[in-house]
>>> print(open('data_39.txt').read())   # compact mmCIF, C-alpha atoms and all ligand atoms
# COMPACT_ATOMS: atom_id res chain seq x y z
CA MET W 6 -0.13 3.12 97.27
CA GLY W 7 -3.45 4.95 97.66
CA ARG W 8 -5.93 5.12 94.85
CA LYS W 9 -6.07 8.24 92.72
CA GLN W 10 -9.15 10.23 93.71
CA MET W 11 -10.51 12.44 91.00
CA ASN W 12 -12.84 15.32 90.60
CA TRP W 13 -15.90 14.38 88.58
CA VAL W 14 -18.61 16.44 86.95
CA VAL W 15 -21.76 14.50 86.13
CA VAL W 16 -24.06 16.12 83.59
CA GLY W 17 -27.64 16.26 84.83
CA THR W 18 -29.47 14.15 87.36
CA GLY W 19 -30.88 11.61 84.89
CA ALA W 20 -31.85 8.04 85.65
CA LEU W 21 -28.33 6.72 85.07
CA GLY W 22 -26.40 9.90 85.90
CA ASN W 23 -27.96 9.90 89.34
CA LEU W 24 -26.85 6.29 89.98
CA TRP W 25 -23.28 7.06 88.96
CA SER W 26 -23.12 10.34 90.90
CA LEU W 27 -24.13 8.57 94.08
CA GLY W 28 -21.84 5.62 93.35
CA LEU W 29 -18.83 7.88 92.72
CA ALA W 30 -19.54 9.91 95.86
CA ALA W 31 -19.81 6.69 97.89
CA SER W 32 -16.42 5.56 96.58
CA GLY W 33 -14.85 8.74 97.89
CA ALA W 34 -14.68 10.82 94.72
CA SER W 35 -15.40 14.52 94.66
CA VAL W 36 -18.57 14.97 92.55
CA GLN W 37 -20.17 18.09 91.12
CA ILE W 38 -23.44 17.97 89.22
CA PHE W 39 -23.67 20.13 86.12
CA SER W 40 -27.31 21.22 86.00
CA ARG W 41 -29.18 23.34 83.48
CA HIS W 42 -31.68 24.29 86.19
CA SER W 43 -30.45 27.36 88.04
CA ALA W 44 -32.76 26.58 90.99
CA ASP W 45 -30.69 23.41 91.69
CA SER W 46 -27.73 25.50 92.85
CA PRO W 47 -25.80 25.35 95.22
CA GLU W 48 -26.56 21.68 95.96
CA VAL W 49 -29.13 18.94 95.49
CA LEU W 50 -30.13 15.94 97.54
CA LEU W 51 -29.89 12.90 95.26
CA GLN W 52 -31.46 9.57 96.12
CA ASN W 53 -31.66 6.18 94.56
CA SER W 54 -33.76 3.22 95.56
CA GLY W 55 -34.57 -0.16 94.08
CA ARG W 56 -31.81 -2.73 93.65
CA THR W 57 -29.36 -0.38 95.41
CA THR W 58 -30.03 2.49 97.75
CA ALA W 59 -28.13 5.70 98.48
CA GLU W 60 -28.71 9.31 99.36
CA LYS W 61 -26.31 12.26 99.39
CA ARG W 62 -26.20 16.03 98.98
CA LEU W 63 -23.98 17.00 96.07
CA ALA W 64 -22.66 20.34 94.87
CA VAL W 65 -24.22 21.81 91.74
CA ILE W 66 -22.54 23.97 89.10
CA SER W 67 -24.29 25.67 86.22
CA GLU W 68 -21.20 26.99 84.40
CA PRO W 69 -18.60 24.58 82.98
CA GLN W 70 -15.85 26.94 84.16
CA ASP W 71 -16.87 26.20 87.77
CA ALA W 72 -15.79 22.57 87.36
CA ALA W 73 -12.99 21.52 89.71
CA PRO W 74 -9.55 21.59 88.02
CA GLY W 75 -8.85 18.52 85.90
CA ALA W 76 -12.34 17.12 86.45
CA VAL W 77 -13.46 14.14 84.40
CA TRP W 78 -16.86 14.83 82.81
CA LEU W 79 -19.40 12.02 82.85
CA VAL W 80 -22.02 12.65 80.19
CA MET W 81 -24.99 10.28 80.41
CA VAL W 82 -27.66 11.99 78.34
CA LYS W 83 -30.04 10.95 75.57
CA ALA W 84 -28.27 10.66 72.21
CA TRP W 85 -30.18 13.67 70.82
CA GLN W 86 -29.07 15.79 73.81
CA LEU W 87 -25.35 15.14 73.38
CA ASP W 88 -24.56 17.76 70.71
CA GLU W 89 -25.78 20.59 72.91
CA VAL W 90 -23.72 19.41 75.90
CA LEU W 91 -20.57 18.98 73.80
CA GLU W 92 -21.02 22.37 72.12
CA LEU W 93 -21.17 23.99 75.54
CA LEU W 94 -18.02 22.13 76.62
CA GLU W 95 -16.33 23.15 73.38
CA SER W 96 -17.12 26.81 74.00
CA ASN W 97 -15.35 26.49 77.39
CA PHE W 98 -12.58 23.94 76.82
CA SER W 99 -11.74 24.17 73.11
CA GLY W 100 -8.17 23.09 72.43
CA GLN W 101 -7.64 22.07 76.06
CA LEU W 102 -7.10 18.64 77.54
CA LEU W 103 -10.41 17.31 78.76
CA GLN W 104 -11.37 13.83 79.86
CA LEU W 105 -14.90 12.76 79.05
CA VAL W 106 -16.85 9.57 79.65
CA ILE W 107 -19.83 9.42 77.30
CA SER W 108 -22.72 6.97 77.60
CA HIS W 109 -25.88 6.86 75.54
CA ASN W 110 -27.83 4.43 73.43
CA GLY W 111 -27.16 4.47 69.70
CA MET W 112 -24.30 5.85 67.63
CA GLY W 113 -23.41 8.92 65.62
CA ALA W 114 -24.21 11.56 68.24
CA GLY W 115 -21.77 14.36 69.04
CA GLU W 116 -19.47 13.60 66.09
CA PRO W 117 -18.93 17.17 64.82
CA VAL W 118 -17.57 18.50 68.13
CA LEU W 119 -15.56 15.35 68.89
CA SER W 120 -13.87 15.43 65.50
CA ARG W 121 -12.92 19.10 66.02
CA GLN W 122 -11.68 18.47 69.59
CA SER W 123 -9.63 15.39 68.79
CA GLN W 124 -7.25 16.12 71.71
CA TRP W 125 -10.05 15.45 74.21
CA GLN W 126 -9.68 12.04 75.77
CA VAL W 127 -13.03 10.39 75.23
CA TYR W 128 -14.07 7.11 76.79
CA ASP W 129 -17.28 5.34 75.81
CA LEU W 130 -19.27 3.58 78.49
CA VAL W 131 -21.76 0.85 77.61
CA THR W 132 -24.01 -0.33 80.39
CA THR W 133 -26.79 -2.82 80.93
CA HIS W 134 -27.84 -1.36 84.29
CA GLY W 135 -31.48 -0.31 84.21
CA ALA W 136 -32.94 2.74 85.94
CA TRP W 137 -35.86 5.12 85.75
CA ARG W 138 -36.57 8.50 87.27
CA ARG W 139 -39.13 8.76 90.06
CA ASN W 140 -38.45 12.49 89.95
CA ARG W 141 -35.55 14.71 88.89
CA PHE W 142 -33.54 13.81 91.99
CA HIS W 143 -34.58 10.22 92.59
CA SER W 144 -33.62 7.24 90.40
CA VAL W 145 -34.99 3.78 90.81
CA HIS W 146 -32.28 1.21 90.12
CA ALA W 147 -34.49 -1.34 88.39
CA GLY W 148 -31.90 -3.82 87.17
CA ILE W 149 -28.31 -4.59 88.12
CA GLY W 150 -26.26 -4.93 85.00
CA GLN W 151 -22.66 -4.62 84.00
CA SER W 152 -20.66 -2.02 82.14
CA TRP W 153 -17.75 -1.73 79.74
CA ILE W 154 -15.52 1.28 79.17
CA GLY W 155 -12.82 1.95 76.62
CA PRO W 156 -11.14 4.71 74.65
CA ARG W 157 -13.04 6.22 71.70
CA LYS W 158 -11.25 5.58 68.40
CA GLY W 159 -9.50 8.67 67.10
CA SER W 160 -9.73 10.69 70.31
CA GLY W 161 -6.78 11.88 72.41
CA GLY W 162 -4.23 9.50 70.81
CA GLU W 163 -6.19 6.47 71.93
CA ALA W 164 -3.68 3.98 70.52
CA ASP W 165 -1.22 4.85 73.28
CA ARG W 166 -3.78 5.31 75.97
CA ALA W 167 -3.31 3.12 79.00
CA LYS W 168 -6.05 2.55 81.54
CA PRO W 169 -6.82 5.89 83.14
CA LEU W 170 -5.74 6.38 86.75
CA TRP W 171 -9.34 6.93 87.80
CA LEU W 172 -10.51 3.54 86.50
CA PRO W 173 -10.52 1.75 89.91
CA GLU W 174 -12.52 4.59 91.43
CA PHE W 175 -14.97 4.50 88.54
CA GLU W 176 -15.25 0.72 88.78
CA ASN W 177 -16.01 1.02 92.48
CA ALA W 178 -18.83 3.44 91.74
CA ARG W 179 -21.04 0.97 89.84
CA PRO W 180 -19.47 -2.47 89.55
CA PRO W 181 -18.93 -4.64 87.64
CA LEU W 182 -17.01 -2.59 85.10
CA ASN W 183 -14.83 -4.09 82.37
CA TRP W 184 -12.02 -2.31 80.55
CA ASP W 185 -12.59 -2.91 76.84
CA THR W 186 -10.18 -1.61 74.22
CA ALA W 187 -12.62 -2.79 71.53
CA ILE W 188 -15.43 -0.66 72.92
CA GLU W 189 -16.63 0.25 69.41
CA SER W 190 -17.59 -3.38 68.72
CA ARG W 191 -19.50 -3.50 71.98
CA ARG W 192 -21.30 -0.29 71.06
CA TRP W 193 -22.32 -1.88 67.74
CA GLN W 194 -23.63 -4.98 69.54
CA LYS W 195 -25.67 -2.83 71.92
CA LEU W 196 -26.89 -0.79 68.96
CA ALA W 197 -28.05 -3.95 67.18
CA ILE W 198 -29.91 -5.17 70.25
CA ASN W 199 -31.62 -1.81 70.67
CA CYS W 200 -32.45 -1.64 66.94
CA ALA W 201 -34.09 -5.06 67.08
CA ILE W 202 -36.07 -4.53 70.27
CA ASN W 203 -36.94 -0.85 70.68
CA PRO W 204 -38.89 0.03 67.52
CA LEU W 205 -40.77 -3.27 67.39
CA ALA W 206 -41.83 -3.14 71.03
CA ALA W 207 -42.60 0.58 70.77
CA LEU W 208 -44.74 0.25 67.63
CA ALA W 209 -46.68 -2.70 69.07
CA GLY W 210 -46.92 -1.04 72.51
CA VAL W 211 -45.77 -4.21 74.24
CA ALA W 212 -43.25 -5.36 76.85
CA ASN W 213 -40.02 -6.81 75.44
CA GLY W 214 -41.05 -10.43 76.12
CA GLU W 215 -43.78 -10.27 73.43
CA LEU W 216 -41.04 -10.15 70.80
CA SER W 217 -40.18 -13.79 71.49
CA LYS W 218 -43.37 -14.73 69.61
CA PRO W 219 -42.69 -16.31 66.20
CA GLY W 220 -44.41 -13.47 64.32
CA TYR W 221 -41.44 -11.17 65.04
CA SER W 222 -38.60 -13.50 64.15
CA GLN W 223 -38.30 -12.63 60.43
CA THR W 224 -38.18 -8.91 61.15
CA ILE W 225 -35.61 -9.37 63.92
CA ALA W 226 -33.49 -11.51 61.58
CA ALA W 227 -33.69 -8.86 58.85
CA ILE W 228 -32.63 -6.09 61.26
CA CYS W 229 -29.62 -8.11 62.48
CA ASP W 230 -28.67 -9.16 58.98
CA GLU W 231 -28.68 -5.58 57.70
CA ILE W 232 -26.60 -4.36 60.64
CA ALA W 233 -24.05 -7.14 60.10
CA ARG W 234 -23.76 -6.09 56.45
CA VAL W 235 -23.14 -2.47 57.46
CA GLU W 236 -20.65 -3.39 60.21
CA LYS W 237 -18.79 -6.40 58.86
CA ARG W 238 -17.14 -7.33 62.17
CA LEU W 239 -20.55 -8.46 63.43
CA ASP W 240 -22.02 -11.89 62.89
CA PRO W 241 -25.80 -11.89 62.21
CA ASP W 242 -26.42 -15.20 63.99
CA GLU W 243 -24.52 -14.07 67.08
CA LEU W 244 -26.50 -10.83 67.07
CA MET W 245 -29.78 -12.78 66.87
CA GLY W 246 -28.69 -14.86 69.86
CA GLN W 247 -27.85 -11.71 71.85
CA VAL W 248 -31.17 -10.09 70.93
CA TYR W 249 -33.16 -13.12 72.12
CA ASN W 250 -31.12 -13.31 75.33
CA VAL W 251 -32.02 -9.70 76.10
CA ILE W 252 -35.68 -10.25 75.15
CA GLU W 253 -35.79 -13.11 77.63
CA ALA W 254 -33.85 -11.30 80.38
CA THR W 255 -36.01 -8.15 80.09
CA ALA W 256 -39.32 -9.86 79.21
CA GLY W 257 -41.39 -7.79 81.63
CA ASN W 258 -39.75 -4.42 80.79
CA GLN W 259 -41.02 -1.66 78.57
CA CYS W 260 -38.15 -0.43 76.42
CA SER W 261 -37.06 3.21 76.59
CA MET W 262 -38.53 4.00 73.15
CA LEU W 263 -41.98 2.86 74.23
CA GLN W 264 -41.64 4.91 77.41
CA ASP W 265 -40.57 7.95 75.34
CA LEU W 266 -43.54 7.54 72.96
CA LYS W 267 -45.96 7.24 75.87
CA ALA W 268 -44.49 10.36 77.48
CA GLY W 269 -44.68 12.26 74.17
CA GLN W 270 -40.88 12.70 74.25
CA VAL W 271 -38.26 12.66 71.52
CA THR W 272 -37.04 9.13 70.79
CA GLU W 273 -33.47 7.99 70.03
CA ILE W 274 -34.54 6.43 66.69
CA ASP W 275 -32.21 8.66 64.61
CA TYR W 276 -29.22 7.21 66.51
CA LEU W 277 -30.47 3.59 66.34
CA ASN W 278 -32.20 2.28 63.18
CA GLY W 279 -31.88 5.78 61.65
CA PHE W 280 -28.09 5.60 62.10
CA VAL W 281 -28.00 2.15 60.45
CA CYS W 282 -30.13 3.46 57.58
CA GLU W 283 -27.77 6.42 57.05
CA GLN W 284 -24.65 4.22 57.24
CA GLY W 285 -26.27 1.89 54.69
CA LYS W 286 -26.78 4.79 52.27
CA ARG W 287 -23.19 5.97 52.84
CA LEU W 288 -21.75 2.50 52.20
CA ASN W 289 -24.22 1.57 49.48
CA VAL W 290 -25.56 -1.34 51.56
CA LYS W 291 -29.31 -1.92 51.50
CA THR W 292 -30.98 -1.58 54.91
CA PRO W 293 -34.72 -1.43 54.06
CA MET W 294 -36.01 -2.81 57.36
CA ASN W 295 -34.03 -0.35 59.49
CA CYS W 296 -35.08 2.56 57.23
CA GLU W 297 -38.72 1.46 57.32
CA LEU W 298 -38.77 1.17 61.12
CA THR W 299 -37.19 4.63 61.41
CA ASP W 300 -39.97 6.09 59.25
CA LYS W 301 -42.67 4.25 61.18
CA ILE W 302 -41.45 5.54 64.53
CA LYS W 303 -41.28 9.08 63.15
CA GLN W 304 -44.84 8.78 61.82
CA LYS W 305 -45.99 7.47 65.17
CA VAL W 306 -44.34 10.43 66.96
CA LYS W 307 -46.09 12.85 64.55
CA HIS W 308 -49.40 11.07 65.03
CA ILE W 309 -49.09 11.28 68.82
CA ALA W 310 -48.06 14.96 68.66
CA GLY W 311 -51.10 15.66 66.44
CA HIS W 312 -53.40 14.24 69.11
CA GLN W 313 -51.93 16.13 72.03
CA PRO W 314 -53.99 19.02 73.38
N1 LIG Y 401 -32.19 4.50 81.98
C1 LIG Y 401 -31.70 3.32 81.64
O1 LIG Y 401 -32.04 2.27 82.22
C2 LIG Y 401 -30.69 3.19 80.52
C3 LIG Y 401 -30.00 1.97 80.36
C4 LIG Y 401 -29.03 1.87 79.36
C5 LIG Y 401 -28.80 2.95 78.52
N2 LIG Y 401 -29.50 4.11 78.68
C6 LIG Y 401 -29.18 5.22 77.79
O2 LIG Y 401 -28.39 6.15 78.55
C7 LIG Y 401 -28.68 7.49 78.13
C8 LIG Y 401 -29.16 8.30 79.35
O3 LIG Y 401 -30.38 7.71 79.78
P1 LIG Y 401 -31.18 8.20 81.07
O4 LIG Y 401 -32.34 7.27 81.18
O5 LIG Y 401 -30.27 8.36 82.22
O6 LIG Y 401 -31.71 9.64 80.56
P2 LIG Y 401 -32.48 10.77 81.38
O7 LIG Y 401 -33.05 10.20 82.63
O8 LIG Y 401 -33.39 11.44 80.42
O9 LIG Y 401 -31.31 11.77 81.82
C9 LIG Y 401 -30.70 12.69 80.97
C10 LIG Y 401 -30.10 13.77 81.87
O10 LIG Y 401 -29.30 14.62 81.07
C11 LIG Y 401 -29.60 15.96 81.42
N3 LIG Y 401 -29.29 16.85 80.30
C12 LIG Y 401 -29.64 16.71 79.01
N4 LIG Y 401 -29.18 17.74 78.27
C13 LIG Y 401 -28.52 18.54 79.14
C14 LIG Y 401 -27.85 19.77 79.00
N5 LIG Y 401 -27.74 20.39 77.81
N6 LIG Y 401 -27.29 20.33 80.10
C15 LIG Y 401 -27.40 19.74 81.31
N7 LIG Y 401 -28.04 18.56 81.51
C16 LIG Y 401 -28.59 17.98 80.43
C17 LIG Y 401 -31.09 15.93 81.72
O11 LIG Y 401 -31.45 17.10 82.41
P3 LIG Y 401 -32.92 17.36 83.04
O12 LIG Y 401 -32.75 17.07 84.49
O13 LIG Y 401 -33.20 18.78 82.74
O14 LIG Y 401 -33.88 16.44 82.37
C18 LIG Y 401 -31.17 14.66 82.53
O15 LIG Y 401 -30.81 14.92 83.86
C19 LIG Y 401 -29.74 7.36 77.02
O16 LIG Y 401 -29.11 7.30 75.77
C20 LIG Y 401 -30.39 6.01 77.32
O17 LIG Y 401 -30.97 5.40 76.17
C21 LIG Y 401 -30.42 4.27 79.68
>>> encode(input="data_39.txt", output="structure tokens")
Amino acid sequence: MGRKQMNWVVVGTGALGNLWSLGLAASGASVQIFSRHSADSPEVLLQNSGRTTAEKRLAVISEPQDAAPGAVWLVMVKAWQLDEVLELLESNFSGQLLQLVISHNGMGAGEPVLSRQSQWQVYDLVTTHGAWRRNRFHSVHAGIGQSWIGPRKGSGGEADRAKPLWLPEFENARPPLNWDTAIESRRWQKLAINCAINPLAALAGVANGELSKPGYSQTIAAICDEIARVEKRLDPDELMGQVYNVIEATAGNQCSMLQDLKAGQVTEIDYLNGFVCEQGKRLNVKTPMNCELTDKIKQKVKHIAGHQP
């Protein structure tokens, strides 16, 4: 039996979105790019280089209603950009059946729309692939990673949801991909790793490997400990081990938060340590280190903005 080939709409031509658009197109899927830049229409030439290479012209739409019938939407945007994308989808597909794959760092983004549109079938994608944008249409695939996908709790009757028919096609696009029905736990683990590495490396202005120095270990332990008290399914020692594995594996890399600070861009802090801080307040669990790091990053952003011409 042939594989089910789907229509996909990928939001934007971001570092990761670009990789997946090209990967899906190479695996035979029909791909449209949803762009907020009217000049991109009717098609763009996407390229990626680095650890993998590809190039293809893909159709561009700028109105959600122009999506191919039954398309699966792949939304790989920064956490703080998600609400706007989902609000636009809600204004077009409210009450309808829509399949969405969402991937961003952090947690807590997009909740208002997703709780209103609980019939949408939402899948979360967690990935350790690494990419950066040479320009809006060219991604550099800096690190081959792996990915996990699973149904979002509370969306589209997830308890009964079997693997979607498009899973093999999606797996083919950027392997390896693992089906994970406990995707929420994996999102928490990724959150903890990002919370431990991003603000510390960003505040110190250093590559991730610097955090293996003993001076950081107490702070990293405190971050992991607080997160494991907020999300009780996590074990603080296991988290510490995972954090140090990532520090070692990405020793030469500058984390995304440091890159955002350097570029004077919004950071994802509200959805990382800020999210942990808010959950702590909600659950009456003390999370002073995560709250403090959130404040420090915000002060740093203000300080940088104050010095920009
Ligand atoms: N890059 C990595 O290596 C990596 C690895 C793991 C996780 N992540 C996480 O994955 C997420 C995406 O990262 P990224 O690096 O791919 O981000 P990115 O390069 O900034 O890409 C975001 C894309 O979303 C588009 N977009 C945002 N809002 C939109 C809207 N309202 N309508 C249409 N398009 C919109 C942007 O459009 P424009 O073209 O106008 O900018 C851009 O193309 C982040 O949460 C990041 O932390 C990234």
>>> atom_distance(input="data_39.txt", atom1="atom CA of W:Lys168", atom2="atom CA of W:Ser99")
23.9 Å
>>> axis_aligned_box(input="data_39.txt", around="stretch 68-85 of chain W", padding_each_side="5 Å", output="lines of an AutoDock Vina configuration file")
center_x = -19.5
center_y = 18.6
center_z = 80.3
size_x = 31.3
size_y = 26.7
size_z = 28.9
>>> closest_atom_pairs(input="data_39.txt", of="stretch 74-171 of chain W", to="stretch 45-52 of chain W", cutoff="7 Å", atoms="all atoms listed in the file", output="JSON lines")
{"residue": "W:Phe142", "atom": "CA", "partner": "W:Leu51", "partner_atom": "CA", "distance": 5.0}
{"residue": "W:His143", "atom": "CA", "partner": "W:Gln52", "partner_atom": "CA", "distance": 4.8}
{"residue": "W:Ser144", "atom": "CA", "partner": "W:Gln52", "partner_atom": "CA", "distance": 6.5}
>>> write_last_selection(input="data_39.txt", atoms="C-alpha atoms", output="JSON list (two decimals), in the coordinates of the input")
[["chain", "number", "residue", "atom", "x", "y", "z"],
["W", 142, "PHE", "CA", -33.54, 13.81, 91.99],
["W", 143, "HIS", "CA", -34.58, 10.22, 92.59],
["W", 144, "SER", "CA", -33.62, 7.24, 90.40]]
>>> atom_distance(input="data_39.txt", atom1="atom CA of W:Gly159", atom2="atom CA of W:Gly113")
14.0 Å
>>> closest_residue(input="data_39.txt", among="W:Arg192, W:His42, W:Lys61, W:Lys158", to="W:Thr133", atoms="all atoms listed in the file")
W:Arg192
>>> closest_residue(input="data_39.txt", among="W:Phe98, W:Phe39, W:Trp25, W:Trp153", to="ligand LIG 401 (chain Y)", atoms="only C-alpha atoms and all ligand atoms")
W:Phe39
>>> closest_residue(input="data_39.txt", among="W:Ala34, W:Ser152, W:Glu116, W:Ala44", to="W:Leu21", atoms="only C-alpha atoms")
W:Ser152
>>> closest_residue(input="data_39.txt", among="W:Asn97, W:Gln270, W:Ser123, W:Gln70", to="ligand LIG 401 (chain Y)", atoms="only C-alpha atoms and all ligand atoms")
W:Gln270
>>> atom_distance(input="data_39.txt", atom1="atom CA of W:Asp71", atom2="atom CA of W:Leu94")
11.9 Å
>>> residues_near_ligand(input="data_39.txt", ligand="ligand LIG 401 (chain Y)", cutoff="7 Å", atoms="all atoms listed in the file", output="number ranges by chain")
W: 16-22, 39-42, 81-84, 86-87, 89-90, 108-111, 132-138, 141, 261
>>> residues_around(input="data_39.txt", residues="W:Leu172", least_positions_apart="4", cutoff="10 Å", atoms="all atoms listed in the file", output="number ranges by chain")
W: 8-11, 154, 168, 176-178, 182-184
>>> residues_around(input="data_39.txt", residues="W:Asn53", least_positions_apart="3", cutoff="8 Å", atoms="all atoms listed in the file", output="PyMOL selection string")
chain W and resi 23-24+27+57-60+143-146
>>> closest_residue(input="data_39.txt", among="W:Ala30, W:Gln313, W:Ser43, W:Phe280", to="W:Arg62", atoms="all atoms listed in the file")
W:Ala30
>>> residues_around(input="data_39.txt", residues="W:Met112", least_positions_apart="3", cutoff="10 Å", atoms="all atoms listed in the file", output="compact mmCIF listing (two decimals) with C-alpha atoms, keeping the file's coordinate frame")
# COMPACT_ATOMS: atom_id res chain seq x y z
CA ALA W 84 -28.27 10.66 72.21
CA HIS W 109 -25.88 6.86 75.54
CA GLY W 115 -21.77 14.36 69.04
CA GLU W 116 -19.47 13.60 66.09
CA GLU W 189 -16.63 0.25 69.41
CA ARG W 192 -21.30 -0.29 71.06
CA TRP W 193 -22.32 -1.88 67.74
CA LYS W 195 -25.67 -2.83 71.92
CA LEU W 196 -26.89 -0.79 68.96
CA GLU W 273 -33.47 7.99 70.03
CA ASP W 275 -32.21 8.66 64.61
CA TYR W 276 -29.22 7.21 66.51
CA LEU W 277 -30.47 3.59 66.34
CA ASN W 278 -32.20 2.28 63.18
CA GLY W 279 -31.88 5.78 61.65
CA PHE W 280 -28.09 5.60 62.10
CA VAL W 281 -28.00 2.15 60.45
>>> decode(input="data_39.txt", residues="stretch 221-236 of chain W", atoms="N, CA and C atoms", output="compact mmCIF listing (two decimals), in the first residue's frame")
# COMPACT_ATOMS: atom_id res chain seq x y z
N TYR W 221 29.45 27.43 37.96
CA TYR W 221 28.04 27.45 37.55
C TYR W 221 27.22 26.32 38.17
N SER W 222 27.90 25.37 38.82
CA SER W 222 27.19 24.13 39.14
C SER W 222 26.06 24.34 40.17
N GLN W 223 26.29 25.24 41.15
CA GLN W 223 25.24 25.44 42.17
C GLN W 223 23.99 26.06 41.55
N THR W 224 24.22 27.01 40.64
CA THR W 224 23.07 27.66 40.00
C THR W 224 22.31 26.66 39.13
N ILE W 225 23.06 25.86 38.38
CA ILE W 225 22.40 24.86 37.51
C ILE W 225 21.61 23.87 38.37
N ALA W 226 22.20 23.47 39.50
CA ALA W 226 21.49 22.54 40.39
C ALA W 226 20.21 23.18 40.92
N ALA W 227 20.29 24.46 41.28
CA ALA W 227 19.10 25.14 41.83
C ALA W 227 18.00 25.23 40.77
N ILE W 228 18.38 25.54 39.53
CA ILE W 228 17.38 25.65 38.45
C ILE W 228 16.67 24.30 38.28
N CYS W 229 17.47 23.22 38.19
CA CYS W 229 16.89 21.88 37.98
C CYS W 229 16.01 21.47 39.15
N ASP W 230 16.49 21.77 40.34
CA ASP W 230 15.75 21.40 41.55
C ASP W 230 14.37 22.10 41.57
N GLU W 231 14.38 23.38 41.27
CA GLU W 231 13.11 24.13 41.27
C GLU W 231 12.15 23.56 40.22
N ILE W 232 12.68 23.24 39.05
CA ILE W 232 11.81 22.74 37.98
C ILE W 232 11.23 21.38 38.37
N ALA W 233 12.05 20.56 39.02
CA ALA W 233 11.55 19.23 39.44
C ALA W 233 10.53 19.36 40.57
N ARG W 234 10.55 20.47 41.30
CA ARG W 234 9.52 20.66 42.34
C ARG W 234 8.21 21.18 41.73
N VAL W 235 8.34 21.90 40.61
CA VAL W 235 7.14 22.39 39.92
C VAL W 235 6.49 21.25 39.12
N GLU W 236 7.32 20.47 38.44
CA GLU W 236 6.82 19.34 37.64
C GLU W 236 7.34 18.05 38.27
